[in-house]
Structures are given as C-alpha cells and as structure tokens.
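Shown below: data_30.cif, with mmCIF, N, CA, C and O atoms.
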data_structure
#
loop_
_atom_site.group_PDB
_atom_site.id
_atom_site.type_symbol
_atom_site.label_atom_id
_atom_site.label_comp_id
_atom_site.auth_asym_id
_atom_site.auth_seq_id
_atom_site.Cartn_x
_atom_site.Cartn_y
_atom_site.Cartn_z
ATOM 1 N N MET H 1 50.057 180.565 79.495
ATOM 2 C CA MET H 1 51.223 181.384 79.729
ATOM 3 C C MET H 1 52.355 180.978 78.783
ATOM 4 O O MET H 1 53.021 181.824 78.241
ATOM 5 N N ALA H 2 52.589 179.676 78.597
ATOM 6 C CA ALA H 2 53.657 179.237 77.695
ATOM 7 C C ALA H 2 53.374 179.708 76.274
ATOM 8 O O ALA H 2 54.273 180.203 75.587
ATOM 9 N N ALA H 3 52.125 179.544 75.810
ATOM 10 C CA ALA H 3 51.778 179.950 74.452
ATOM 11 C C ALA H 3 51.977 181.449 74.248
ATOM 12 O O ALA H 3 52.424 181.879 73.191
ATOM 13 N N ALA H 4 51.687 182.234 75.266
ATOM 14 C CA ALA H 4 51.860 183.679 75.178
ATOM 15 C C ALA H 4 53.331 184.054 75.000
ATOM 16 O O ALA H 4 53.645 185.107 74.458
ATOM 17 N N GLN H 5 54.229 183.178 75.434
ATOM 18 C CA GLN H 5 55.669 183.416 75.288
ATOM 19 C C GLN H 5 56.246 182.711 74.062
ATOM 20 O O GLN H 5 57.455 182.652 73.885
ATOM 21 N N GLY H 6 55.376 182.134 73.242
ATOM 22 C CA GLY H 6 55.830 181.449 72.042
ATOM 23 C C GLY H 6 56.419 180.074 72.318
ATOM 24 O O GLY H 6 57.181 179.546 71.523
ATOM 25 N N LEU H 7 56.080 179.490 73.468
ATOM 26 C CA LEU H 7 56.590 178.173 73.844
ATOM 27 C C LEU H 7 55.511 177.123 73.648
ATOM 28 O O LEU H 7 54.323 177.429 73.663
ATOM 29 N N GLU H 8 55.923 175.868 73.466
ATOM 30 C CA GLU H 8 54.961 174.782 73.347
ATOM 31 C C GLU H 8 55.524 173.521 74.005
ATOM 32 O O GLU H 8 56.734 173.372 74.131
ATOM 33 N N VAL H 9 54.653 172.644 74.407
ATOM 34 C CA VAL H 9 55.059 171.359 74.978
ATOM 35 C C VAL H 9 55.478 170.459 73.821
ATOM 36 O O VAL H 9 54.737 170.285 72.859
ATOM 37 N N ILE H 10 56.687 169.899 73.916
ATOM 38 C CA ILE H 10 57.176 169.005 72.863
ATOM 39 C C ILE H 10 57.359 167.579 73.376
ATOM 40 O O ILE H 10 57.693 166.680 72.617
ATOM 41 N N GLY H 11 57.149 167.375 74.679
ATOM 42 C CA GLY H 11 57.307 166.031 75.210
ATOM 43 C C GLY H 11 57.122 165.981 76.708
ATOM 44 O O GLY H 11 56.798 166.979 77.342
ATOM 45 N N TRP H 12 57.342 164.792 77.232
ATOM 46 C CA TRP H 12 57.156 164.503 78.649
ATOM 47 C C TRP H 12 58.355 163.702 79.144
ATOM 48 O O TRP H 12 59.048 163.075 78.348
ATOM 49 N N TYR H 13 58.574 163.704 80.438
ATOM 50 C CA TYR H 13 59.627 162.861 80.984
ATOM 51 C C TYR H 13 59.122 162.157 82.223
ATOM 52 O O TYR H 13 58.185 162.624 82.885
ATOM 53 N N HIS H 14 59.722 161.025 82.520
ATOM 54 C CA HIS H 14 59.439 160.308 83.755
ATOM 55 C C HIS H 14 60.605 159.376 84.050
ATOM 56 O O HIS H 14 61.498 159.205 83.227
ATOM 57 N N SER H 15 60.607 158.803 85.244
ATOM 58 C CA SER H 15 61.694 157.906 85.628
ATOM 59 C C SER H 15 61.192 156.475 85.741
ATOM 60 O O SER H 15 59.996 156.229 85.897
ATOM 61 N N HIS H 16 62.133 155.560 85.632
ATOM 62 C CA HIS H 16 61.882 154.137 85.853
ATOM 63 C C HIS H 16 62.784 153.699 87.014
ATOM 64 O O HIS H 16 63.951 153.376 86.793
ATOM 65 N N PRO H 17 62.275 153.719 88.245
ATOM 66 C CA PRO H 17 63.089 153.301 89.384
ATOM 67 C C PRO H 17 63.478 151.824 89.283
ATOM 68 O O PRO H 17 62.616 150.964 89.090
ATOM 69 N N ASP H 18 64.767 151.575 89.383
ATOM 70 C CA ASP H 18 65.328 150.218 89.369
ATOM 71 C C ASP H 18 64.931 149.416 88.130
ATOM 72 O O ASP H 18 64.785 148.195 88.190
ATOM 73 N N HIS H 19 64.751 150.115 87.013
ATOM 74 C CA HIS H 19 64.459 149.483 85.721
ATOM 75 C C HIS H 19 65.194 150.265 84.634
ATOM 76 O O HIS H 19 65.527 151.438 84.816
ATOM 77 N N PRO H 20 65.418 149.664 83.475
ATOM 78 C CA PRO H 20 66.115 150.352 82.378
ATOM 79 C C PRO H 20 65.316 151.550 81.852
ATOM 80 O O PRO H 20 64.098 151.631 82.022
ATOM 81 N N ALA H 21 66.028 152.450 81.190
ATOM 82 C CA ALA H 21 65.409 153.637 80.584
ATOM 83 C C ALA H 21 64.823 153.268 79.220
ATOM 84 O O ALA H 21 65.144 153.849 78.193
ATOM 85 N N ARG H 22 63.969 152.262 79.227
ATOM 86 C CA ARG H 22 63.282 151.785 78.025
ATOM 87 C C ARG H 22 61.779 151.840 78.282
ATOM 88 O O ARG H 22 61.336 151.596 79.407
ATOM 89 N N PRO H 23 60.982 152.155 77.280
ATOM 90 C CA PRO H 23 59.539 152.262 77.495
ATOM 91 C C PRO H 23 58.895 150.915 77.824
ATOM 92 O O PRO H 23 59.285 149.883 77.293
ATOM 93 N N SER H 24 57.923 150.970 78.683
ATOM 94 C CA SER H 24 57.140 149.784 79.037
ATOM 95 C C SER H 24 55.940 149.681 78.096
ATOM 96 O O SER H 24 55.664 150.600 77.321
ATOM 97 N N GLY H 25 55.215 148.583 78.194
ATOM 98 C CA GLY H 25 53.977 148.446 77.432
ATOM 99 C C GLY H 25 52.987 149.543 77.799
ATOM 100 O O GLY H 25 52.300 150.098 76.942
ATOM 101 N N TYR H 26 52.927 149.870 79.079
ATOM 102 C CA TYR H 26 52.047 150.950 79.544
ATOM 103 C C TYR H 26 52.454 152.269 78.886
ATOM 104 O O TYR H 26 51.596 153.045 78.439
ATOM 105 N N ASP H 27 53.763 152.540 78.838
ATOM 106 C CA ASP H 27 54.241 153.773 78.203
ATOM 107 C C ASP H 27 53.757 153.853 76.752
ATOM 108 O O ASP H 27 53.274 154.884 76.303
ATOM 109 N N ARG H 28 53.901 152.741 75.996
ATOM 110 C CA ARG H 28 53.490 152.740 74.591
ATOM 111 C C ARG H 28 51.980 152.926 74.453
ATOM 112 O O ARG H 28 51.507 153.688 73.619
ATOM 113 N N GLU H 29 51.219 152.242 75.270
ATOM 114 C CA GLU H 29 49.758 152.326 75.184
ATOM 115 C C GLU H 29 49.230 153.719 75.482
ATOM 116 O O GLU H 29 48.161 154.092 75.005
ATOM 117 N N HIS H 30 49.962 154.509 76.262
ATOM 118 C CA HIS H 30 49.490 155.831 76.669
ATOM 119 C C HIS H 30 50.223 156.987 75.980
ATOM 120 O O HIS H 30 50.026 158.147 76.332
ATOM 121 N N ALA H 31 51.066 156.672 75.002
ATOM 122 C CA ALA H 31 51.827 157.709 74.301
ATOM 123 C C ALA H 31 51.025 158.281 73.130
ATOM 124 O O ALA H 31 50.088 157.662 72.638
ATOM 125 N N TRP H 32 51.432 159.461 72.694
ATOM 126 C CA TRP H 32 50.879 160.116 71.510
ATOM 127 C C TRP H 32 52.011 160.292 70.507
ATOM 128 O O TRP H 32 53.127 160.665 70.878
ATOM 129 N N PRO H 33 51.747 160.077 69.208
ATOM 130 C CA PRO H 33 52.818 160.110 68.212
ATOM 131 C C PRO H 33 53.548 161.450 68.069
ATOM 132 O O PRO H 33 54.664 161.476 67.606
ATOM 133 N N TRP H 34 52.963 162.536 68.426
ATOM 134 C CA TRP H 34 53.570 163.843 68.159
ATOM 135 C C TRP H 34 54.415 164.372 69.318
ATOM 136 O O TRP H 34 54.913 165.481 69.258
ATOM 137 N N TYR H 35 54.634 163.587 70.377
ATOM 138 C CA TYR H 35 55.461 164.010 71.515
ATOM 139 C C TYR H 35 56.679 163.114 71.681
ATOM 140 O O TYR H 35 56.674 161.946 71.289
ATOM 141 N N SER H 36 57.712 163.657 72.300
ATOM 142 C CA SER H 36 58.882 162.877 72.705
ATOM 143 C C SER H 36 58.705 162.480 74.161
ATOM 144 O O SER H 36 58.140 163.248 74.960
ATOM 145 N N TYR H 37 59.198 161.305 74.519
ATOM 146 C CA TYR H 37 59.087 160.769 75.879
ATOM 147 C C TYR H 37 60.479 160.449 76.398
ATOM 148 O O TYR H 37 61.121 159.511 75.928
ATOM 149 N N VAL H 38 60.959 161.254 77.330
ATOM 150 C CA VAL H 38 62.274 161.054 77.933
ATOM 151 C C VAL H 38 62.092 160.175 79.165
ATOM 152 O O VAL H 38 61.211 160.422 79.990
ATOM 153 N N ILE H 39 62.926 159.135 79.265
ATOM 154 C CA ILE H 39 62.871 158.217 80.401
ATOM 155 C C ILE H 39 64.249 158.179 81.053
ATOM 156 O O ILE H 39 65.267 158.012 80.373
ATOM 157 N N VAL H 40 64.276 158.344 82.378
ATOM 158 C CA VAL H 40 65.519 158.268 83.149
ATOM 159 C C VAL H 40 65.459 157.024 84.023
ATOM 160 O O VAL H 40 64.487 156.831 84.762
ATOM 161 N N SER H 41 66.480 156.176 83.926
ATOM 162 C CA SER H 41 66.543 155.038 84.844
ATOM 163 C C SER H 41 67.193 155.518 86.137
ATOM 164 O O SER H 41 68.154 156.286 86.122
ATOM 165 N N VAL H 42 66.632 155.083 87.257
ATOM 166 C CA VAL H 42 67.136 155.457 88.584
ATOM 167 C C VAL H 42 67.389 154.171 89.350
ATOM 168 O O VAL H 42 66.467 153.377 89.552
ATOM 169 N N HIS H 43 68.646 153.948 89.737
ATOM 170 C CA HIS H 43 69.005 152.737 90.479
ATOM 171 C C HIS H 43 69.461 153.117 91.874
ATOM 172 O O HIS H 43 70.373 153.940 92.027
ATOM 173 N N THR H 44 68.789 152.563 92.871
ATOM 174 C CA THR H 44 69.038 152.852 94.294
ATOM 175 C C THR H 44 69.120 154.360 94.549
ATOM 176 O O THR H 44 69.994 154.844 95.246
ATOM 177 N N GLY H 45 68.187 155.084 93.928
ATOM 178 C CA GLY H 45 68.064 156.521 94.154
ATOM 179 C C GLY H 45 69.008 157.395 93.346
ATOM 180 O O GLY H 45 68.995 158.611 93.489
ATOM 181 N N VAL H 46 69.825 156.806 92.472
ATOM 182 C CA VAL H 46 70.795 157.571 91.691
ATOM 183 C C VAL H 46 70.420 157.516 90.205
ATOM 184 O O VAL H 46 70.312 156.431 89.638
ATOM 185 N N PRO H 47 70.219 158.679 89.558
ATOM 186 C CA PRO H 47 69.907 158.682 88.128
ATOM 187 C C PRO H 47 71.037 158.041 87.331
ATOM 188 O O PRO H 47 72.212 158.254 87.624
ATOM 189 N N GLN H 48 70.673 157.255 86.334
ATOM 190 C CA GLN H 48 71.660 156.556 85.504
ATOM 191 C C GLN H 48 71.493 156.976 84.045
ATOM 192 O O GLN H 48 71.902 158.053 83.696
ATOM 193 N N ASP H 49 70.885 156.153 83.254
ATOM 194 C CA ASP H 49 70.736 156.414 81.819
ATOM 195 C C ASP H 49 69.520 157.281 81.530
ATOM 196 O O ASP H 49 68.536 157.268 82.271
ATOM 197 N N MET H 50 69.600 158.017 80.406
ATOM 198 C CA MET H 50 68.473 158.823 79.949
ATOM 199 C C MET H 50 68.300 158.559 78.455
ATOM 200 O O MET H 50 69.254 158.636 77.691
ATOM 201 N N THR H 51 67.069 158.228 78.061
ATOM 202 C CA THR H 51 66.752 157.978 76.657
ATOM 203 C C THR H 51 65.516 158.776 76.269
ATOM 204 O O THR H 51 64.774 159.252 77.132
ATOM 205 N N SER H 52 65.297 158.920 74.971
ATOM 206 C CA SER H 52 64.099 159.600 74.480
ATOM 207 C C SER H 52 63.463 158.741 73.399
ATOM 208 O O SER H 52 64.165 158.119 72.581
ATOM 209 N N TRP H 53 62.133 158.746 73.369
ATOM 210 C CA TRP H 53 61.373 157.872 72.471
ATOM 211 C C TRP H 53 60.225 158.642 71.844
ATOM 212 O O TRP H 53 59.686 159.573 72.427
ATOM 213 N N ARG H 54 59.846 158.205 70.642
ATOM 214 C CA ARG H 54 58.693 158.798 69.946
ATOM 215 C C ARG H 54 57.858 157.666 69.365
ATOM 216 O O ARG H 54 58.384 156.756 68.735
ATOM 217 N N LEU H 55 56.549 157.752 69.563
ATOM 218 C CA LEU H 55 55.630 156.734 69.069
ATOM 219 C C LEU H 55 55.458 156.863 67.560
ATOM 220 O O LEU H 55 55.226 157.968 67.045
ATOM 221 N N LYS H 56 55.569 155.743 66.845
ATOM 222 C CA LYS H 56 55.342 155.744 65.402
ATOM 223 C C LYS H 56 53.894 156.149 65.126
ATOM 224 O O LYS H 56 53.009 155.912 65.951
ATOM 225 N N ASP H 57 53.664 156.761 63.972
ATOM 226 C CA ASP H 57 52.319 157.231 63.617
ATOM 227 C C ASP H 57 51.280 156.114 63.645
ATOM 228 O O ASP H 57 50.119 156.350 63.970
ATOM 229 N N ASP H 58 51.693 154.883 63.312
ATOM 230 C CA ASP H 58 50.739 153.777 63.331
ATOM 231 C C ASP H 58 50.586 153.155 64.731
ATOM 232 O O ASP H 58 49.902 152.154 64.898
ATOM 233 N N ARG H 59 51.233 153.756 65.730
ATOM 234 C CA ARG H 59 51.164 153.379 67.144
ATOM 235 C C ARG H 59 51.721 151.980 67.425
ATOM 236 O O ARG H 59 51.510 151.410 68.475
ATOM 237 N N SER H 60 52.496 151.419 66.493
ATOM 238 C CA SER H 60 52.992 150.056 66.639
ATOM 239 C C SER H 60 54.192 149.933 67.574
ATOM 240 O O SER H 60 54.421 148.858 68.129
ATOM 241 N N ALA H 61 54.955 151.006 67.731
ATOM 242 C CA ALA H 61 56.163 150.919 68.552
ATOM 243 C C ALA H 61 56.683 152.307 68.882
ATOM 244 O O ALA H 61 56.412 153.270 68.164
ATOM 245 N N LEU H 62 57.444 152.380 69.955
ATOM 246 C CA LEU H 62 58.198 153.582 70.273
ATOM 247 C C LEU H 62 59.596 153.414 69.695
ATOM 248 O O LEU H 62 60.214 152.358 69.834
ATOM 249 N N VAL H 63 60.083 154.455 69.026
ATOM 250 C CA VAL H 63 61.389 154.430 68.384
ATOM 251 C C VAL H 63 62.310 155.379 69.146
ATOM 252 O O VAL H 63 61.926 156.515 69.454
ATOM 253 N N GLU H 64 63.529 154.918 69.438
ATOM 254 C CA GLU H 64 64.453 155.757 70.199
ATOM 255 C C GLU H 64 64.919 156.944 69.370
ATOM 256 O O GLU H 64 65.189 156.820 68.175
ATOM 257 N N GLU H 65 64.999 158.101 70.030
ATOM 258 C CA GLU H 65 65.483 159.336 69.408
ATOM 259 C C GLU H 65 66.851 159.679 69.993
ATOM 260 O O GLU H 65 67.138 159.364 71.145
ATOM 261 N N LYS H 66 67.651 160.366 69.236
ATOM 262 C CA LYS H 66 68.922 160.870 69.728
ATOM 263 C C LYS H 66 68.644 162.088 70.614
ATOM 264 O O LYS H 66 67.796 162.919 70.293
ATOM 265 N N ILE H 67 69.366 162.178 71.724
ATOM 266 C CA ILE H 67 69.253 163.341 72.600
ATOM 267 C C ILE H 67 70.471 164.227 72.358
ATOM 268 O O ILE H 67 71.606 163.768 72.433
ATOM 269 N N ALA H 68 70.212 165.489 72.057
ATOM 270 C CA ALA H 68 71.281 166.465 71.853
ATOM 271 C C ALA H 68 71.014 167.657 72.747
ATOM 272 O O ALA H 68 69.856 168.005 73.007
ATOM 273 N N THR H 69 72.053 168.267 73.243
ATOM 274 C CA THR H 69 71.892 169.459 74.091
ATOM 275 C C THR H 69 72.413 170.679 73.354
ATOM 276 O O THR H 69 73.243 170.577 72.441
ATOM 277 N N ARG H 70 71.929 171.806 73.753
ATOM 278 C CA ARG H 70 72.426 173.076 73.217
ATOM 279 C C ARG H 70 72.327 174.103 74.323
ATOM 280 O O ARG H 70 71.748 173.847 75.383
ATOM 281 N N ASN H 71 72.858 175.277 74.085
ATOM 282 C CA ASN H 71 72.823 176.324 75.100
ATOM 283 C C ASN H 71 71.401 176.644 75.497
ATOM 284 O O ASN H 71 70.518 176.716 74.637
ATOM 285 N N ALA H 72 71.194 176.836 76.778
ATOM 286 C CA ALA H 72 69.858 177.157 77.292
ATOM 287 C C ALA H 72 69.435 178.541 76.822
ATOM 288 O O ALA H 72 70.264 179.445 76.675
ATOM 289 N N VAL H 73 68.157 178.712 76.595
ATOM 290 C CA VAL H 73 67.590 180.007 76.229
ATOM 291 C C VAL H 73 67.534 180.868 77.480
ATOM 292 O O VAL H 73 67.136 180.406 78.548
ATOM 293 N N ALA H 74 67.924 182.101 77.373
ATOM 294 C CA ALA H 74 67.912 183.014 78.515
ATOM 295 C C ALA H 74 66.478 183.175 79.021
ATOM 296 O O ALA H 74 65.523 183.180 78.245
ATOM 297 N N ALA H 75 66.342 183.309 80.333
ATOM 298 C CA ALA H 75 65.021 183.516 80.948
ATOM 299 C C ALA H 75 64.404 184.789 80.384
ATOM 300 O O ALA H 75 65.081 185.767 80.152
ATOM 301 N N ARG H 76 63.113 184.733 80.188
ATOM 302 C CA ARG H 76 62.401 185.901 79.621
ATOM 303 C C ARG H 76 61.789 186.719 80.696
ATOM 304 O O ARG H 76 61.335 186.350 81.661
#

Starting from the file, lay out its structure as structure tokens.
Amino acid sequence: MAAAQGLEVIGWYHSHPDHPARPSGYDREHAWPWYSYVIVSVHTGVPQDMTSWRLKDDRSALVEEKIATRNAVAAR
C-alpha cells in the first residue's frame, strides 16, 4: 500500500526506557546501513531526548544524524 502511494520506509524508531537516547550494542548489531534509527529516551514514563542514527557502510559504528522537521504532507 505504501509503495502504491509512492512512499517508502526510510527508518525505524524505538524507545530506551530509563536509558539515554544512544544506540546499544544490540541496536548496532541489528541495524542496516541504509536506514535511519530514531531513539527516544523515556524517564519515569516521560519522553525526553530524541536522536537519530545511521549505521556506517562498513557496519563499524552508528553515526548520529541531525533531526530536522518540516511541514507534514497532507493526507492522501
């Protein structure tokens, strides 16, 4: 359905309860270089920091990406 609308998956997000919004070893081991990974830290049930990461092509590390917002696309 997304492809039929010209949309594609560009990344994934998840939270780190009571931990920083930094990737874990597990996150790096299970990441793919062509996606962005947004992580939200949640402390005592309240969202705090949000970061985005991308795995280097050689899979050696996740590198932080800048997060920028823009106007939402109107519903189709």

- What's the 10 Å shell around Arg59 (chain H), counting only C-alpha atoms, without same-chain residues fewer than 4 positions away, as a list in words? Arg28, Glu29, His30, Ala31, Trp32, Pro33, Arg54 and Leu55 of chain H

- Interatomic distance, CA of Ala21 (chain H) to atom O of Val63 (chain H) (Å, one decimal):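 Going from CA of Ala21 (chain H) over to atom O of Val63 (chain H) covers 12.0 Å.
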
- Please report, as a ChimeraX atom specification, each residue of region 1-63 of chain H to which DSSP assigns strand (DSSP E) when run on this structure's backbone. /H:11-17,36-43,46-55,62-63

- Between atom O of Ala68 (chain H) and atom C of Trp53 (chain H) - distance in Å to one decimal: 13.5 Å

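Running DSSP on the backbone and keeping only alpha helix (DSSP H), the residues of region 11-55 of chain H that qualify are Gly25, Tyr26, Asp27, Arg28 and Glu29 of chain H.
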
Dump of N, CA, C and O atoms for the selected residues, as a PDB file, keeping the file's coordinate frame:
ATOM      1  N   GLY H  25      55.215 148.583  78.194  1.00  0.00           N
ATOM      2  CA  GLY H  25      53.977 148.446  77.432  1.00  0.00           C
ATOM      3  C   GLY H  25      52.987 149.543  77.799  1.00  0.00           C
ATOM      4  O   GLY H  25      52.300 150.098  76.942  1.00  0.00           O
ATOM      5  N   TYR H  26      52.927 149.870  79.079  1.00  0.00           N
ATOM      6  CA  TYR H  26      52.047 150.950  79.544  1.00  0.00           C
ATOM      7  C   TYR H  26      52.454 152.269  78.886  1.00  0.00           C
ATOM      8  O   TYR H  26      51.596 153.045  78.439  1.00  0.00           O
ATOM      9  N   ASP H  27      53.763 152.540  78.838  1.00  0.00           N
ATOM     10  CA  ASP H  27      54.241 153.773  78.203  1.00  0.00           C
ATOM     11  C   ASP H  27      53.757 153.853  76.752  1.00  0.00           C
ATOM     12  O   ASP H  27      53.274 154.884  76.303  1.00  0.00           O
ATOM     13  N   ARG H  28      53.901 152.741  75.996  1.00  0.00           N
ATOM     14  CA  ARG H  28      53.490 152.740  74.591  1.00  0.00           C
ATOM     15  C   ARG H  28      51.980 152.926  74.453  1.00  0.00           C
ATOM     16  O   ARG H  28      51.507 153.688  73.619  1.00  0.00           O
ATOM     17  N   GLU H  29      51.219 152.242  75.270  1.00  0.00           N
ATOM     18  CA  GLU H  29      49.758 152.326  75.184  1.00  0.00           C
ATOM     19  C   GLU H  29      49.230 153.719  75.482  1.00  0.00           C
ATOM     20  O   GLU H  29      48.161 154.092  75.005  1.00  0.00           O
TER      21      GLU H  29
END

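Atom pair atom C of Ser52 (chain H) / atom N of Tyr37 (chain H): separated by 5.1 Å.
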
As lines of an AutoDock Vina configuration file, please report the centre and edge lengths, rounded to one decimal in Å, of the axis-aligned box that holds all listed atoms of region 4-11 of chain H with 4 Å of padding on each of the six sides.
center_x = 54.7
center_y = 175.5
center_z = 74.4
size_x = 14.0
size_y = 27.1
size_z = 13.8

- Message: Taking all atoms listed in the file into account, name the residue in H:Gly6, H:Trp12, H:Val42, H:Ser24 that is nearest to Leu62 (chain H).
- Response: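 Closest residue, counting all atoms listed in the file: H:Ser24.
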
- For the file shown, report as a list in words the outcome of the PyMOL selection byres ((chain H and resi 41) around 6) at residue level.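 In the shown coordinates, the PyMOL selection byres ((chain H and resi 41) around 6) covers His14, Ser15, His16, Pro17, Asp18, His19, Pro20, Ala21, Ile39, Val40, Val42, His43, Val46, Pro47, Gln48, Asp49 and Met50 of chain H.
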
- Might you spell out which residues the PyMOL selection byres (((chain H and resi 10 and name CA) around 8) and name CA) would select in the displayed file, as a PyMOL selection string? chain H and resi 8-9+11-12+34-36
